[in-house]
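Trainee: This is input-v3.cif, which holds mmCIF, C-alpha atoms:
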```cif
data_run
#
loop_
_atom_site.label_atom_id
_atom_site.label_comp_id
_atom_site.auth_asym_id
_atom_site.auth_seq_id
_atom_site.Cartn_x
_atom_site.Cartn_y
_atom_site.Cartn_z
CA MET N 1 143.00 -40.51 127.49
CA ASP N 2 140.89 -42.88 125.38
CA ILE N 3 140.49 -42.50 121.62
CA LYS N 4 137.03 -40.94 121.83
CA LYS N 5 138.11 -38.20 124.23
CA GLN N 6 141.49 -37.68 122.54
CA THR N 7 139.86 -37.23 119.14
CA ALA N 8 137.19 -34.94 120.60
CA SER N 9 139.87 -32.83 122.28
CA ASP N 10 141.90 -32.69 119.06
CA LEU N 11 138.91 -31.63 116.95
CA LEU N 12 137.96 -28.91 119.43
CA SER N 13 141.55 -27.65 119.70
CA ILE N 14 141.76 -26.81 115.99
CA LYS N 15 138.07 -25.84 115.69
CA ALA N 16 137.36 -28.68 113.30
CA VAL N 17 134.33 -28.98 115.53
CA PHE N 18 133.23 -25.49 116.52
CA LEU N 19 130.54 -25.00 119.17
CA ARG N 20 128.64 -21.71 119.25
CA PRO N 21 125.25 -22.27 120.91
CA GLU N 22 124.65 -18.56 121.60
CA GLN N 23 125.18 -17.63 117.92
CA PRO N 24 124.03 -20.66 115.92
CA PHE N 25 125.09 -21.38 112.37
CA THR N 26 122.52 -21.81 109.60
CA TRP N 27 122.69 -25.05 107.62
CA ALA N 28 121.74 -25.20 103.94
CA SER N 29 118.45 -26.76 105.04
CA GLY N 30 117.69 -23.66 107.12
CA ILE N 31 118.19 -25.45 110.43
CA LYS N 32 119.83 -23.35 113.13
CA SER N 33 122.77 -25.34 114.46
CA PRO N 34 124.94 -24.70 117.53
CA VAL N 35 127.76 -26.71 115.98
CA TYR N 36 129.83 -26.50 112.81
CA CYS N 37 132.09 -29.35 111.72
CA ASP N 38 134.92 -29.14 109.19
CA ASN N 39 137.23 -32.15 109.53
CA ARG N 40 139.26 -31.00 106.53
CA LEU N 41 141.06 -28.79 109.03
CA THR N 42 142.66 -31.94 110.47
CA LEU N 43 144.75 -32.21 107.31
CA THR N 44 146.44 -28.87 107.97
CA ALA N 45 147.24 -29.65 111.63
CA PRO N 46 150.07 -32.24 111.53
CA ALA N 47 149.92 -33.34 115.18
CA VAL N 48 146.15 -33.80 115.09
CA ARG N 49 146.35 -35.43 111.66
CA ASN N 50 148.90 -37.92 112.98
CA ASN N 51 146.65 -38.84 115.93
CA ILE N 52 143.58 -39.26 113.73
CA GLU N 53 145.18 -41.26 110.93
CA ASN N 54 146.84 -43.64 113.39
CA ALA N 55 143.54 -44.01 115.22
CA LEU N 56 141.74 -44.74 111.94
CA ALA N 57 144.37 -47.37 111.07
CA GLU N 58 144.08 -49.01 114.49
CA THR N 59 140.29 -48.98 114.25
CA VAL N 60 140.30 -50.62 110.82
CA LYS N 61 142.70 -53.33 112.04
CA ARG N 62 140.66 -53.98 115.18
CA GLU N 63 137.13 -53.79 113.78
CA TYR N 64 137.61 -55.04 110.20
CA PRO N 65 140.61 -57.41 110.25
CA GLN N 66 139.59 -59.03 106.94
CA VAL N 67 139.73 -55.76 104.99
CA GLU N 68 141.38 -55.87 101.56
CA VAL N 69 140.79 -52.35 100.24
CA LEU N 70 139.79 -48.93 101.58
CA MET N 71 137.40 -46.65 99.70
CA GLY N 72 137.16 -42.98 100.61
CA THR N 73 134.07 -40.85 100.20
CA SER N 74 134.38 -37.95 97.79
CA THR N 75 135.82 -35.58 98.61
CA ALA N 76 136.35 -35.38 102.35
CA GLY N 77 137.21 -39.03 102.90
CA ILE N 78 139.77 -39.35 100.12
CA ALA N 79 142.83 -38.03 101.97
CA HIS N 80 142.00 -40.02 105.10
CA ALA N 81 141.57 -43.21 103.08
CA ALA N 82 144.90 -42.58 101.33
CA ILE N 83 146.86 -41.96 104.54
CA THR N 84 145.21 -44.82 106.41
CA GLY N 85 145.79 -47.12 103.44
CA HIS N 86 149.46 -46.12 103.46
CA LEU N 87 149.78 -46.88 107.17
CA LEU N 88 148.15 -50.29 106.72
CA GLY N 89 149.79 -51.17 103.41
CA LEU N 90 146.38 -51.47 101.77
CA PRO N 91 145.14 -50.39 98.35
CA MET N 92 142.67 -47.51 98.29
CA GLY N 93 140.34 -45.76 95.94
CA TYR N 94 137.39 -43.46 96.23
CA VAL N 95 133.77 -43.14 95.19
CA ARG N 96 132.43 -40.10 93.41
CA SER N 97 129.05 -38.61 94.26
CA GLY N 98 128.03 -39.56 90.71
CA SER N 99 129.51 -41.09 87.57
CA LYS N 100 131.81 -38.94 85.44
CA ASP N 101 130.23 -37.51 82.30
CA HIS N 102 133.38 -38.14 80.25
CA GLY N 103 136.09 -40.74 79.72
CA ARG N 104 135.06 -44.14 81.08
CA GLY N 105 132.26 -42.65 83.16
CA ASN N 106 133.67 -44.05 86.38
CA GLN N 107 132.00 -43.50 89.73
CA ILE N 108 134.50 -45.69 91.57
CA GLU N 109 138.13 -44.66 91.10
CA GLY N 110 140.86 -47.21 91.71
CA GLN N 111 140.77 -50.95 91.20
CA LEU N 112 137.94 -52.81 92.91
CA LEU N 113 137.64 -56.56 92.36
CA PRO N 114 134.35 -58.47 92.68
CA GLY N 115 133.93 -59.82 96.22
CA GLN N 116 136.76 -57.67 97.60
CA LYS N 117 136.32 -56.95 101.32
CA THR N 118 135.98 -53.20 101.52
CA VAL N 119 135.88 -50.59 104.27
CA VAL N 120 134.55 -47.11 103.55
CA VAL N 121 136.46 -44.18 105.06
CA GLU N 122 134.33 -41.13 105.88
CA ASP N 123 135.12 -37.94 107.79
CA LEU N 124 131.67 -37.07 109.13
CA ILE N 125 128.30 -38.79 109.49
CA SER N 126 125.13 -36.83 110.22
CA THR N 127 121.96 -38.23 108.63
CA GLY N 128 123.92 -40.98 106.83
CA GLY N 129 122.46 -40.38 103.38
CA SER N 130 125.66 -39.67 101.45
CA VAL N 131 127.74 -42.48 102.92
CA ILE N 132 124.96 -45.01 102.29
CA GLU N 133 124.96 -43.94 98.62
CA VAL N 134 128.68 -44.78 98.56
CA VAL N 135 128.06 -48.17 100.17
CA ASN N 136 125.33 -48.93 97.64
CA ALA N 137 127.57 -47.97 94.71
CA LEU N 138 130.28 -50.31 96.01
CA ARG N 139 127.81 -53.14 96.56
CA ASP N 140 126.42 -52.65 93.05
CA ALA N 141 130.00 -53.00 91.77
CA GLY N 142 130.35 -56.34 93.57
CA ALA N 143 132.25 -55.25 96.68
CA ASP N 144 131.77 -57.01 100.01
CA VAL N 145 131.38 -53.91 102.19
CA LEU N 146 132.41 -54.79 105.73
CA GLY N 147 131.45 -51.38 107.11
CA ILE N 148 132.44 -47.77 107.59
CA VAL N 149 135.12 -46.10 109.67
CA SER N 150 134.65 -42.38 110.31
CA ILE N 151 136.22 -39.59 112.33
CA PHE N 152 133.06 -38.08 113.81
CA THR N 153 129.37 -38.84 114.02
CA TYR N 154 126.55 -36.71 115.36
CA GLY N 155 124.72 -39.83 116.52
CA MET N 156 121.44 -38.47 115.19
CA GLN N 157 118.60 -40.97 115.30
CA LYS N 158 117.86 -40.50 111.60
CA GLY N 159 121.42 -41.46 110.74
CA LEU N 160 121.41 -44.47 113.06
CA ASP N 161 118.11 -45.67 111.56
CA ARG N 162 119.37 -45.28 107.99
CA LEU N 163 122.57 -47.21 108.67
CA ARG N 164 120.61 -50.01 110.30
CA GLU N 165 118.12 -50.18 107.42
CA ALA N 166 121.01 -50.33 104.94
CA ASN N 167 122.59 -53.12 107.01
CA VAL N 168 125.90 -51.28 107.29
CA ARG N 169 128.04 -50.85 110.38
CA ASN N 170 129.83 -47.62 111.27
CA VAL N 171 132.63 -47.19 113.80
CA SER N 172 133.54 -43.57 114.59
CA LEU N 173 136.59 -42.31 116.43
CA THR N 174 134.41 -39.92 118.40
CA ASP N 175 130.88 -38.59 118.55
CA PHE N 176 128.89 -35.48 119.32
CA ASP N 177 128.14 -36.50 122.91
CA THR N 178 131.84 -36.98 123.68
CA VAL N 179 132.76 -33.65 122.08
CA VAL N 180 130.11 -31.90 124.20
CA GLU N 181 131.32 -33.70 127.34
CA VAL N 182 134.95 -32.70 126.74
CA ALA N 183 133.91 -29.13 125.92
CA ALA N 184 132.01 -28.87 129.23
CA GLU N 185 134.86 -30.43 131.21
CA THR N 186 137.36 -27.92 129.84
CA GLY N 187 135.11 -24.88 130.29
CA TYR N 188 134.68 -24.35 126.56
CA ILE N 189 130.92 -24.35 127.13
CA SER N 190 128.70 -24.10 130.21
CA HIS N 191 126.76 -27.05 131.60
CA LYS N 192 123.55 -25.27 130.56
CA SER N 193 124.88 -25.15 127.01
CA LYS N 194 125.75 -28.86 127.26
CA ASP N 195 122.12 -29.77 127.94
CA ALA N 196 120.96 -27.57 125.05
CA LEU N 197 123.46 -29.14 122.66
CA LEU N 198 122.33 -32.65 123.52
CA LYS N 199 118.71 -31.62 122.96
CA PHE N 200 119.73 -30.32 119.53
CA ARG N 201 121.30 -33.69 118.74
CA ASP N 202 118.06 -35.46 119.67
CA ASN N 203 116.10 -33.45 117.07
CA PRO N 204 118.03 -30.87 114.99
CA SER N 205 114.89 -29.59 113.24
CA ASP N 206 113.32 -28.67 116.60
CA GLY N 207 114.68 -25.24 117.55
CA SER N 208 113.50 -25.46 121.15
CA TRP N 209 117.03 -26.32 122.31
CA ALA N 210 117.87 -22.60 121.99
CA GLU N 211 115.22 -21.72 124.57
CA MET N 212 117.24 -23.61 127.18
CA LEU N 213 119.96 -20.93 126.94
CA ILE N 214 117.65 -18.04 127.88
#
```
Output the file's structure as structure tokens, nothing else.

Mentor:
Amino acid sequence: MDIKKQTASDLLSIKAVFLRPEQPFTWASGIKSPVYCDNRLTLTAPAVRNNIENALAETVKREYPQVEVLMGTSTAGIAHAAITGHLLGLPMGYVRSGSKDHGRGNQIEGQLLPGQKTVVVEDLISTGGSVIEVVNALRDAGADVLGIVSIFTYGMQKGLDRLREANVRNVSLTDFDTVVEVAAETGYISHKSKDALLKFRDNPSDGSWAEMLI
């Protein structure tokens, strides 16, 4: 099984990605979503964690061979950056969502040298806004950001557009389409639900995907 399908299967098996098209979740924005993602659950499932961290390490080596330091996103990417950094023998740090209001006022934790070739480690990418803020903070600090490695991406057009506009590359272990494909193959969801889920991915704010289940 390839990395995309293996990761998708692993995430589904521990409900780190949870599909419930008939009873959608409500996001903070009010959008009704047939999927809920919590990749923090991978940290409490040792076998899945082992697969994912090794896959992240292999991906970093293959896609960003010049990397000198890993920087995790706060907070979900920190543990993955630490474990992957350990596997690769690389230094790591992390980037806060904002500067501290005490002490030295750091936003970037850990040593980062000007010009250092940096890879950002993220757990999940949806619209791309938060990870681009991290990339910008690192660039402002003088880092040479090679790109992002992430566990899962929705592949939403808004996120793809934002990453392109920010001139930053992302490589994910798996994506929403692969998760949906694996879920349909294993009988987790029906093929009718598969079509509805892919329509949701095309435009999350358009609730018409739910009508396909009627």

Trainee: At what distance in Å, to one decimal, does atom CA of N:Ser126 lie from atom CA of N:Lys61?

Mentor: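 Atom CA of N:Ser126 lies 24.2 Å from atom CA of N:Lys61.
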
Trainee: Hey, can you check how far atom CA of N:Lys4 sits from atom CA of N:Asp175?

Mentor: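 One can read the atom CA of N:Lys4 to atom CA of N:Asp175 distance as 7.4 Å.
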
Trainee: Using Å and a single decimal, report how far atom CA of N:Trp27 sits from atom CA of N:Glu185.

Mentor: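 Distance between the two atoms: 27.1 Å.
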
Trainee: Given the choices N:Ala76, N:Leu70, N:Val182, N:Leu88, which gets closest to N:Glu109 if the distance is worked out from all atoms listed in the file?

Mentor: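 Of the candidates, the smallest distance to N:Glu109 is held by N:Leu70.
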
Trainee: Hey, which of N:Phe200, N:Tyr36, N:Tyr94, N:Tyr154 ends up closest to N:Ala82? Count only C-alpha atoms.

Mentor: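 Distance minimum relative to N:Ala82 lands on N:Tyr94.
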
Trainee: Given only C-alpha atoms as the basis, pick out the residue of N:Ala210, N:Leu43, N:Ala137, N:Leu124 nearest to N:Gln107.

Mentor: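 Counting only C-alpha atoms, the residue closest to N:Gln107 is N:Ala137.
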
Trainee: Wanna dump the stretch 100-176 of chain N-stretch 5-10 of chain N contacts at 9 Å for me, each residue with its shortest atom pair and the distance in Å to one decimal, counting only C-alpha atoms, ordered by chain and number, as CSV?

Mentor:
```
residue,atom,partner,partner_atom,distance
N:Ile151,CA,N:Thr7,CA,8.1
N:Phe152,CA,N:Ala8,CA,8.5
N:Leu173,CA,N:Thr7,CA,6.6
N:Thr174,CA,N:Ala8,CA,6.1
N:Asp175,CA,N:Ala8,CA,7.6
N:Phe176,CA,N:Ala8,CA,8.4
```

Trainee: Kindly resolve the PyMOL selection byres ((chain N and resi 127) around 6) on the present coordinates and return the residues as an NGL selection string.

Mentor: :N and (126 or 128-129 or 158-159)

Trainee: Within 10 Å of stretch 52-56 of chain N, which residues of stretch 92-192 of chain N show up? Give each one with its shortest atom-to-atom distance in Å (one decimal) and the two atoms involved, counting all atoms listed in the file, rows by chain then rising residue number, as CSV.

Mentor:
```
residue,atom,partner,partner_atom,distance
N:Val121,CA,N:Leu56,CA,8.7
N:Val149,CA,N:Leu56,CA,7.1
N:Ser150,CA,N:Leu56,CA,7.6
N:Ile151,CA,N:Ile52,CA,7.5
N:Val171,CA,N:Leu56,CA,9.6
N:Ser172,CA,N:Leu56,CA,8.7
N:Leu173,CA,N:Leu56,CA,7.3
```

Trainee: Those residues you just picked out, can you put them in a file as a PDB file, in the coordinates of the input with C-alpha atoms?

Mentor:
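Heads up, here's the output in again33.pdb:
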```
ATOM      1  CA  VAL N 121     136.460 -44.180 105.060  1.00  0.00           C
ATOM      2  CA  VAL N 149     135.120 -46.100 109.670  1.00  0.00           C
ATOM      3  CA  SER N 150     134.650 -42.380 110.310  1.00  0.00           C
ATOM      4  CA  ILE N 151     136.220 -39.590 112.330  1.00  0.00           C
ATOM      5  CA  VAL N 171     132.630 -47.190 113.800  1.00  0.00           C
ATOM      6  CA  SER N 172     133.540 -43.570 114.590  1.00  0.00           C
ATOM      7  CA  LEU N 173     136.590 -42.310 116.430  1.00  0.00           C
TER       8      LEU N 173
END
```

Trainee: Skipping near chain neighbours, those fewer than 5 positions away, what residues fall within 9 Å of N:Asp202 using only C-alpha atoms, listed as a list in words?

Mentor: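 What passes the distance filter is Gly155, Met156, Gln157 and Leu197 of chain N.
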
Trainee: Starting from the incomplete input, reconstruct all heavy atoms of stretch 117-128 of chain N and write that as an mmCIF file, in the coordinates of the input.

Mentor:
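Output below, filename out34.cif:
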```
data_model
loop_
_atom_site.group_PDB
_atom_site.id
_atom_site.type_symbol
_atom_site.label_atom_id
_atom_site.label_comp_id
_atom_site.auth_asym_id
_atom_site.auth_seq_id
_atom_site.Cartn_x
_atom_site.Cartn_y
_atom_site.Cartn_z
ATOM 1 N N LYS N 117 136.797 -57.413 100.010
ATOM 2 C CA LYS N 117 136.320 -56.950 101.320
ATOM 3 C C LYS N 117 136.758 -55.501 101.523
ATOM 4 O O LYS N 117 137.948 -55.207 101.567
ATOM 5 C CB LYS N 117 136.851 -57.862 102.425
ATOM 6 C CG LYS N 117 136.370 -59.304 102.274
ATOM 7 C CD LYS N 117 136.814 -60.176 103.401
ATOM 8 C CE LYS N 117 136.434 -61.633 103.158
ATOM 9 N NZ LYS N 117 134.998 -61.826 102.900
ATOM 10 N N THR N 118 135.769 -54.647 101.619
ATOM 11 C CA THR N 118 135.980 -53.200 101.520
ATOM 12 C C THR N 118 135.506 -52.478 102.769
ATOM 13 O O THR N 118 134.461 -52.804 103.332
ATOM 14 C CB THR N 118 135.196 -52.659 100.299
ATOM 15 O OG1 THR N 118 135.550 -53.408 99.137
ATOM 16 C CG2 THR N 118 135.477 -51.185 100.078
ATOM 17 N N VAL N 119 136.290 -51.488 103.185
ATOM 18 C CA VAL N 119 135.880 -50.590 104.270
ATOM 19 C C VAL N 119 135.824 -49.168 103.717
ATOM 20 O O VAL N 119 136.761 -48.719 103.034
ATOM 21 C CB VAL N 119 136.852 -50.660 105.469
ATOM 22 C CG1 VAL N 119 136.546 -49.546 106.490
ATOM 23 C CG2 VAL N 119 136.754 -52.022 106.149
ATOM 24 N N VAL N 120 134.727 -48.488 103.984
ATOM 25 C CA VAL N 120 134.550 -47.110 103.550
ATOM 26 C C VAL N 120 135.119 -46.167 104.601
ATOM 27 O O VAL N 120 134.869 -46.350 105.802
ATOM 28 C CB VAL N 120 133.049 -46.800 103.331
ATOM 29 C CG1 VAL N 120 132.837 -45.328 102.984
ATOM 30 C CG2 VAL N 120 132.479 -47.698 102.235
ATOM 31 N N VAL N 121 135.875 -45.177 104.157
ATOM 32 C CA VAL N 121 136.460 -44.180 105.060
ATOM 33 C C VAL N 121 135.726 -42.854 104.849
ATOM 34 O O VAL N 121 135.704 -42.311 103.746
ATOM 35 C CB VAL N 121 137.969 -44.008 104.817
ATOM 36 C CG1 VAL N 121 138.552 -42.983 105.792
ATOM 37 C CG2 VAL N 121 138.687 -45.355 104.963
ATOM 38 N N GLU N 122 135.133 -42.352 105.920
ATOM 39 C CA GLU N 122 134.330 -41.130 105.880
ATOM 40 C C GLU N 122 134.821 -40.178 106.971
ATOM 41 O O GLU N 122 135.329 -40.617 108.003
ATOM 42 C CB GLU N 122 132.858 -41.487 106.090
ATOM 43 C CG GLU N 122 131.901 -40.319 106.203
ATOM 44 C CD GLU N 122 131.736 -39.523 104.918
ATOM 45 O OE1 GLU N 122 132.721 -38.864 104.533
ATOM 46 O OE2 GLU N 122 130.641 -39.538 104.326
ATOM 47 N N ASP N 123 134.681 -38.873 106.740
ATOM 48 C CA ASP N 123 135.120 -37.940 107.790
ATOM 49 C C ASP N 123 134.001 -37.637 108.780
ATOM 50 O O ASP N 123 134.236 -37.514 109.972
ATOM 51 C CB ASP N 123 135.685 -36.646 107.175
ATOM 52 C CG ASP N 123 134.605 -35.718 106.645
ATOM 53 O OD1 ASP N 123 133.610 -36.216 106.088
ATOM 54 O OD2 ASP N 123 134.767 -34.492 106.784
ATOM 55 N N LEU N 124 132.761 -37.541 108.294
ATOM 56 C CA LEU N 124 131.670 -37.070 109.130
ATOM 57 C C LEU N 124 130.363 -37.763 108.751
ATOM 58 O O LEU N 124 130.050 -37.876 107.567
ATOM 59 C CB LEU N 124 131.510 -35.551 108.953
ATOM 60 C CG LEU N 124 130.238 -34.890 109.464
ATOM 61 C CD1 LEU N 124 130.198 -34.918 110.983
ATOM 62 C CD2 LEU N 124 130.143 -33.450 108.960
ATOM 63 N N ILE N 125 129.624 -38.202 109.748
ATOM 64 C CA ILE N 125 128.300 -38.790 109.490
ATOM 65 C C ILE N 125 127.258 -38.011 110.273
ATOM 66 O O ILE N 125 127.375 -37.843 111.495
ATOM 67 C CB ILE N 125 128.261 -40.272 109.868
ATOM 68 C CG1 ILE N 125 129.151 -41.073 108.910
ATOM 69 C CG2 ILE N 125 126.821 -40.800 109.821
ATOM 70 C CD1 ILE N 125 129.173 -42.549 109.176
ATOM 71 N N SER N 126 126.252 -37.517 109.550
ATOM 72 C CA SER N 126 125.130 -36.830 110.220
ATOM 73 C C SER N 126 123.871 -37.666 109.998
ATOM 74 O O SER N 126 123.553 -38.534 110.799
ATOM 75 C CB SER N 126 124.977 -35.399 109.697
ATOM 76 O OG SER N 126 124.888 -35.381 108.272
ATOM 77 N N THR N 127 123.173 -37.448 108.899
ATOM 78 C CA THR N 127 121.960 -38.230 108.630
ATOM 79 C C THR N 127 122.265 -39.536 107.900
ATOM 80 O O THR N 127 121.376 -40.374 107.734
ATOM 81 C CB THR N 127 120.955 -37.425 107.807
ATOM 82 O OG1 THR N 127 121.551 -37.070 106.551
ATOM 83 C CG2 THR N 127 120.545 -36.159 108.550
ATOM 84 N N GLY N 128 123.504 -39.710 107.435
ATOM 85 C CA GLY N 128 123.920 -40.980 106.830
ATOM 86 C C GLY N 128 123.620 -41.153 105.363
ATOM 87 O O GLY N 128 124.052 -42.131 104.751
#
```
